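Colleague: File coords_16.cif follows (mmCIF, C-alpha atoms):
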data_my_file
#
loop_
_atom_site.label_atom_id
_atom_site.label_comp_id
_atom_site.auth_asym_id
_atom_site.auth_seq_id
_atom_site.Cartn_x
_atom_site.Cartn_y
_atom_site.Cartn_z
CA MET A 1 0.00 0.00 0.00
CA GLY A 2 2.86 2.41 0.83
CA GLN A 3 4.47 1.93 -2.61
CA LEU A 4 1.15 2.57 -4.36
CA MET A 5 0.66 5.75 -2.31
CA ARG A 6 4.11 7.04 -3.36
CA TYR A 7 3.29 6.40 -7.04
CA LEU A 8 -0.07 8.17 -6.69
CA MET A 9 1.58 11.14 -4.94
CA ALA A 10 4.29 11.36 -7.61
CA GLY A 11 1.62 11.17 -10.31
CA CYS A 12 -0.31 14.01 -8.69
CA VAL A 13 2.80 16.17 -8.53
CA VAL A 14 3.58 15.52 -12.20
CA ALA A 15 -0.04 16.21 -13.20
CA CYS A 16 -0.05 19.38 -11.13
CA LEU A 17 3.13 20.62 -12.77
CA ALA A 18 1.94 19.69 -16.25
CA ALA A 19 -1.49 21.29 -15.85
CA GLU A 20 -0.22 24.20 -13.78
CA THR A 21 -3.46 24.09 -11.81
CA GLY A 22 -3.81 23.39 -8.16
CA CYS A 23 -0.12 24.03 -7.55
CA SER A 24 0.93 26.55 -4.96
CA GLU A 25 3.06 28.71 -7.28
CA PRO A 26 3.97 32.06 -5.71
CA PRO A 27 2.15 35.01 -7.27
CA ASP A 28 3.96 37.12 -9.84
CA THR A 29 5.14 40.17 -7.91
CA LEU A 30 8.11 40.88 -10.21
CA THR A 31 6.07 42.73 -12.82
CA CYS A 32 6.41 45.41 -15.49
CA GLU A 33 5.19 47.91 -12.89
CA TRP A 34 7.97 46.86 -10.48
CA LEU A 35 10.60 47.19 -13.21
CA ALA A 36 9.30 50.67 -14.11
CA MET A 37 9.43 51.93 -10.50
CA ALA A 38 12.15 54.53 -10.04
CA ASP A 39 12.83 53.25 -6.52
CA ASN A 40 12.69 49.47 -6.90
CA CYS A 41 15.42 47.84 -4.83
CA TRP A 42 17.55 46.89 -7.86
CA LYS A 43 17.82 50.50 -8.97
CA THR A 44 18.42 51.90 -5.49
CA THR A 45 21.07 49.26 -4.69
CA ALA A 46 22.88 49.68 -8.02
CA LEU A 47 22.82 53.49 -7.87
CA SER A 48 24.10 53.51 -4.28
CA ALA A 49 27.39 52.05 -5.57
CA VAL A 50 28.17 55.16 -7.64
CA SER A 51 29.43 57.10 -4.61
CA CYS A 52 32.36 54.72 -4.00
CA LEU A 53 33.21 53.77 -7.60
CA PRO A 54 35.87 55.51 -9.70
CA PRO A 55 34.60 58.31 -11.95
CA GLU A 56 32.93 56.79 -15.01
CA ALA A 57 35.44 58.38 -17.39
CA ASP A 58 38.41 56.78 -15.55
CA ARG A 59 40.05 53.63 -16.84
CA GLY A 60 41.89 51.26 -14.52
CA THR A 61 45.08 49.34 -15.24
CA LEU A 62 45.01 45.55 -15.30
CA SER A 63 47.86 43.74 -13.57
CA ALA A 64 50.08 41.41 -15.61
CA ASP A 65 48.28 38.34 -14.19
CA ASN A 66 44.77 39.82 -14.74
CA ALA A 67 44.00 39.43 -11.03
CA MET A 68 43.65 43.15 -10.22
CA CYS A 69 42.65 46.46 -11.77
CA THR A 70 43.96 49.63 -10.14
CA TYR A 71 42.58 53.13 -10.66
CA ALA A 72 44.49 56.40 -10.24
CA SER A 73 41.72 57.55 -7.88
CA GLY A 74 42.61 54.69 -5.47
CA GLN A 75 39.91 52.08 -6.14
CA VAL A 76 41.07 48.51 -6.69
CA ALA A 77 39.15 45.66 -8.32
CA THR A 78 40.27 42.14 -7.44
CA PHE A 79 39.15 39.23 -9.67
CA SER A 80 38.66 35.71 -8.34
CA PRO A 81 39.71 33.78 -10.33
CA PRO A 82 41.98 36.04 -12.40
CA LEU A 83 40.45 37.01 -15.74
CA ASP A 84 40.98 34.74 -18.75
CA LEU A 85 40.81 37.34 -21.50
CA LEU A 86 41.78 34.82 -24.20
CA GLY A 87 38.83 32.47 -23.61
CA ASP A 88 35.54 32.42 -25.50
CA ASP A 89 33.34 32.88 -22.42
CA ASP A 90 32.68 36.01 -20.41
CA PRO A 91 35.75 36.20 -18.16
CA ILE A 92 34.02 38.14 -15.39
CA ARG A 93 32.70 35.82 -12.67
CA ASN A 94 33.55 37.21 -9.27
CA PHE A 95 35.18 40.45 -8.27
CA THR A 96 35.43 42.88 -5.39
CA ILE A 97 36.00 46.62 -5.69
CA THR A 98 37.36 48.55 -2.73
CA ASP A 99 37.15 52.33 -2.48
CA ALA A 100 40.14 54.67 -2.22
CA ASN A 101 40.35 53.95 1.54
CA GLY A 102 40.30 50.16 1.11
CA ALA A 103 36.70 49.80 2.33
CA PRO A 104 34.29 47.45 0.49
CA CYS A 105 32.47 49.18 -2.36
CA VAL A 106 31.06 46.46 -4.63
CA GLN A 107 31.18 42.68 -4.64
CA TRP A 108 29.85 40.79 -7.68
CA GLN A 109 29.31 37.03 -7.65
CA GLU A 110 27.92 35.08 -10.57
CA GLN A 111 26.23 31.74 -10.17
CA GLY A 112 26.65 30.78 -13.83
CA GLU A 113 23.30 30.66 -15.60
CA THR A 114 21.35 30.63 -12.34
CA GLY A 115 21.78 34.21 -11.15
CA PHE A 116 24.04 36.65 -9.37
CA THR A 117 24.61 38.48 -6.11
CA LEU A 118 25.52 42.16 -5.83
CA VAL A 119 26.74 43.54 -2.50
CA VAL A 120 27.19 47.30 -2.17
CA ASN A 121 29.10 48.99 0.67
CA GLY A 122 29.54 45.63 2.39
CA SER A 123 25.93 45.49 3.59
CA GLN A 124 23.33 46.00 0.84
CA THR A 125 22.83 42.59 -0.78
CA PHE A 126 20.68 42.09 -3.88
CA ARG A 127 20.22 38.57 -5.28
CA GLU A 128 18.72 37.36 -8.52
CA SER A 129 18.15 33.67 -9.13
CA THR A 130 16.70 31.93 -12.14
CA SER A 131 15.45 28.42 -12.74
CA GLY A 132 13.86 27.58 -16.06
CA PHE A 133 11.54 30.51 -16.76
CA ASN A 134 11.30 31.48 -13.08
CA ILE A 135 13.07 34.60 -11.89
CA ASP A 136 13.31 35.60 -8.25
CA VAL A 137 14.93 38.65 -6.68
CA THR A 138 15.71 39.32 -3.04
CA CYS A 139 16.14 42.92 -1.93
CA PRO A 140 18.58 44.13 0.74
CA ASP A 141 15.71 44.31 3.27
CA GLY A 142 14.79 40.66 2.58
CA THR A 143 11.71 41.42 0.47
CA LYS A 144 11.30 38.91 -2.36
CA PHE A 145 9.77 39.29 -5.80
CA HIS A 146 8.93 36.44 -8.19
CA ASN A 147 7.88 35.88 -11.78
CA GLY A 148 7.02 32.41 -13.06
CA ASN A 149 7.63 33.30 -16.71
CA ALA A 150 10.42 35.84 -17.11
CA LEU A 151 9.81 35.90 -20.89
CA ASP A 152 6.65 37.89 -20.14
CA LEU A 153 8.85 40.67 -18.75
CA LEU A 154 10.51 41.13 -22.14
CA SER A 155 7.26 42.71 -23.39
CA CYS A 156 7.46 45.44 -20.73
CA ASP A 157 8.18 48.98 -21.90
CA THR A 158 11.60 48.55 -20.27
CA GLY A 159 12.46 45.56 -22.54
CA LEU A 160 15.48 43.32 -21.96
CA PHE A 161 17.61 46.15 -20.60
CA GLY A 162 15.00 46.96 -17.96
CA LEU A 163 15.60 43.67 -16.17
CA PRO A 164 18.12 43.58 -13.31
CA GLY A 165 21.39 42.37 -14.76
CA GLU A 166 24.79 43.11 -16.18
CA ALA A 167 26.55 43.78 -19.45
CA SER A 168 30.17 42.80 -20.02
CA GLY A 169 32.66 43.52 -22.75
CA TRP A 170 36.21 42.28 -23.19
CA THR A 171 39.13 41.95 -25.56
CA ASP A 172 42.48 40.26 -25.02
CA THR A 173 43.70 43.46 -23.28
CA SER A 174 40.62 45.05 -21.69
CA VAL A 175 37.42 44.40 -19.79
CA SER A 176 34.29 46.36 -18.85
CA HIS A 177 31.29 45.52 -16.71
CA SER A 178 28.10 47.54 -16.12
CA LEU A 179 24.81 47.10 -14.31
CA ILE A 180 21.73 47.36 -16.55
CA GLY A 181 18.10 47.83 -15.63
CA VAL A 182 19.17 51.17 -14.16
CA GLU A 183 18.93 54.56 -15.84
CA PRO A 184 21.65 55.45 -16.52
CA SER A 185 23.54 52.14 -16.41
CA VAL A 186 26.18 51.90 -13.67
CA ALA A 187 29.73 51.24 -14.93
CA LEU A 188 31.48 49.04 -12.37
CA LEU A 189 34.66 48.27 -14.31
CA ASP A 190 36.62 49.68 -17.20
CA CYS A 191 40.13 48.23 -17.18
CA SER A 192 42.89 47.64 -19.70
CA LYS A 193 46.52 46.64 -19.95
CA SER A 194 48.90 49.58 -19.72
#
Before anything else, please render the file you have as structure tokens.
Modeller:
Amino acid sequence: MGQLMRYLMAGCVVACLAAETGCSEPPDTLTCEWLAMADNCWKTTALSAVSCLPPEADRGTLSADNAMCTYASGQVATFSPPLDLLGDDDPIRNFTITDANGAPCVQWQEQGETGFTLVVNGSQTFRESTSGFNIDVTCPDGTKFHNGNALDLLSCDTGLFGLPGEASGWTDTSVSHSLIGVEPSVALLDCSKS
């Protein structure tokens, strides 16, 4: 009887997922309206980093081993692992930027295709996680927002660049990294070999 019950339960779960009825899916709170808000937690967290970042027009110098980028204004970006600028994949995975006094400014951690974490000033943590079409964000105050079909968000007036995220660029001698979904975008890195 126990084995039969397990099969019936598994069948109900599969049917529930296939029909998408009767399941307790969280409501979609990550909406076009949330993305359009001037003070959603992604925008406020990203923009709060500007005060400790190097001036946007400044370009940092990459170390010979691609493990650090140093700015004349005193900020230092440390890459873990060091950047592989000769590879085919985006070389930027994890980095930390300290301000001119050595205090934490920005920490960026990628979880591959499943999301990222942004920490600003050592205390404001924003997380985005994805699974299939689901997208979830967690704000610095712990508030969570969810959307069960992130493709729907592409039809928002904000489009692809209105979603919380990043844009990277690199060559064999330079790298740049910006936060998108913020107006204007926030340039975190702009580094090159000397």
Colleague: Need the shell around Glu183 (chain A): protein/DNA/RNA residues with any atom at most 12 Å away, counting all atoms listed in the file. Skip same-chain ones fewer than 4 positions apart. Format as a list in words?
Modeller: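 Here the qualifying residues turn out to be Leu35, Ala36, Met37, Ala38, Asp39, Trp42, Lys43, Thr44, Ala46, Leu47, Thr158, Phe161, Gly162, Leu163, Pro164, Ser178, Leu179 and Ala187 of chain A.
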Colleague: Go through the shown structure with the PyMOL selection byres ((chain A and resi 93-99) around 7) and write out the matching residues as number ranges by chain.
Modeller: A: 52-53, 74-80, 91-92, 100-110
Colleague: Would you mind exporting C-alpha atoms of the selected residues as a compact mmCIF listing (two decimals), keeping the file's coordinate frame?
Modeller:
# COMPACT_ATOMS: atom_id res chain seq x y z
CA CYS A 52 32.36 54.72 -4.00
CA LEU A 53 33.21 53.77 -7.60
CA GLY A 74 42.61 54.69 -5.47
CA GLN A 75 39.91 52.08 -6.14
CA VAL A 76 41.07 48.51 -6.69
CA ALA A 77 39.15 45.66 -8.32
CA THR A 78 40.27 42.14 -7.44
CA PHE A 79 39.15 39.23 -9.67
CA SER A 80 38.66 35.71 -8.34
CA PRO A 91 35.75 36.20 -18.16
CA ILE A 92 34.02 38.14 -15.39
CA ALA A 100 40.14 54.67 -2.22
CA ASN A 101 40.35 53.95 1.54
CA GLY A 102 40.30 50.16 1.11
CA ALA A 103 36.70 49.80 2.33
CA PRO A 104 34.29 47.45 0.49
CA CYS A 105 32.47 49.18 -2.36
CA VAL A 106 31.06 46.46 -4.63
CA GLN A 107 31.18 42.68 -4.64
CA TRP A 108 29.85 40.79 -7.68
CA GLN A 109 29.31 37.03 -7.65
CA GLU A 110 27.92 35.08 -10.57
Colleague: Evaluate the PyMOL selection byres ((chain A and resi 173) around 8) and record the selected residues as a VMD selection string, following the chain and residue labels used in the document.
Modeller: chain A and resid 85 170 to 172 174 to 175 192 to 193
Colleague: Can you tell me how far CA of Thr125 (chain A) sits from CA of Gln111 (chain A), in Å to one decimal?
Modeller: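 Taking CA of Thr125 (chain A) as the start and CA of Gln111 (chain A) as the end point, the length is 14.7 Å.
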Colleague: Using all atoms listed in the file, which residues sit within 12 Å of Cys32 (chain A) once same-chain residues fewer than 6 positions away are excluded, as an mmCIF file with C-alpha atoms, in the frame of the given file?
Modeller:
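Written output follows (part13.cif):
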data_model
loop_
_atom_site.group_PDB
_atom_site.id
_atom_site.type_symbol
_atom_site.label_atom_id
_atom_site.label_comp_id
_atom_site.auth_asym_id
_atom_site.auth_seq_id
_atom_site.Cartn_x
_atom_site.Cartn_y
_atom_site.Cartn_z
ATOM 1 C CA ASN A 40 12.690 49.470 -6.900
ATOM 2 C CA PHE A 145 9.770 39.290 -5.800
ATOM 3 C CA HIS A 146 8.930 36.440 -8.190
ATOM 4 C CA ASN A 147 7.880 35.880 -11.780
ATOM 5 C CA ALA A 150 10.420 35.840 -17.110
ATOM 6 C CA LEU A 151 9.810 35.900 -20.890
ATOM 7 C CA ASP A 152 6.650 37.890 -20.140
ATOM 8 C CA LEU A 153 8.850 40.670 -18.750
ATOM 9 C CA LEU A 154 10.510 41.130 -22.140
ATOM 10 C CA SER A 155 7.260 42.710 -23.390
ATOM 11 C CA CYS A 156 7.460 45.440 -20.730
ATOM 12 C CA ASP A 157 8.180 48.980 -21.900
ATOM 13 C CA THR A 158 11.600 48.550 -20.270
ATOM 14 C CA GLY A 159 12.460 45.560 -22.540
ATOM 15 C CA LEU A 160 15.480 43.320 -21.960
ATOM 16 C CA GLY A 162 15.000 46.960 -17.960
ATOM 17 C CA LEU A 163 15.600 43.670 -16.170
ATOM 18 C CA GLY A 181 18.100 47.830 -15.630
#
Colleague: Between CA of Ala167 (chain A) and CA of Pro27 (chain A), what is the spacing in Å?
Modeller: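 CA of Ala167 (chain A) lies at a distance of 28.6 Å from CA of Pro27 (chain A).
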Colleague: If you measure from CA of Ser123 (chain A) to CA of Asp28 (chain A), what distance in Å do you get, rounded to one decimal?
Modeller: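 Distance reported for this atom pair: 27.1 Å.
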Colleague: Would you please work out which residue, of A:Thr70, A:Cys41, A:Leu62, A:Val186, is nearest to Pro82 (chain A) when using all atoms listed in the file?
Modeller: A:Leu62
Colleague: Excluding Ala64 (chain A) and residues on its chain fewer than 3 positions from it, collect all residues at most 10 Å away from it, counting only C-alpha atoms, and give them as number ranges by chain.
Modeller: A: 61, 67-69, 193-194
Colleague: Go through A:Asp89, A:Ala49, A:Trp34, A:Pro26 and flag the residue nearest Val119 (chain A), using all atoms listed in the file for the distances.
Modeller: A:Ala49
Colleague: Closest to Glu128 (chain A) among A:Gly115, A:Gly165, A:Pro81, A:Gly142, using all atoms listed in the file?
Modeller: A:Gly115
Colleague: Which residue gives the smallest distance to Thr29 (chain A) among A:Ser48, A:Ser73, A:Ser168, A:Thr138, with only C-alpha atoms counted?
Modeller: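 Smallest separation from Thr29 (chain A) among the options: A:Thr138.
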Colleague: Compare A:Gly122, A:Gly87, A:Gly60, A:Gly132 by their minimum atom-to-atom distance to Thr45 (chain A), counting all atoms listed in the file, and give me the closest one.
Modeller: A:Gly122
Colleague: Nearest to Leu189 (chain A) among A:Asp65, A:Leu30, A:Tyr71, A:Gln124, with distances taken over all atoms listed in the file: which residue is it?
Modeller: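 Answer, going by the shortest atom-to-atom distance: A:Tyr71.
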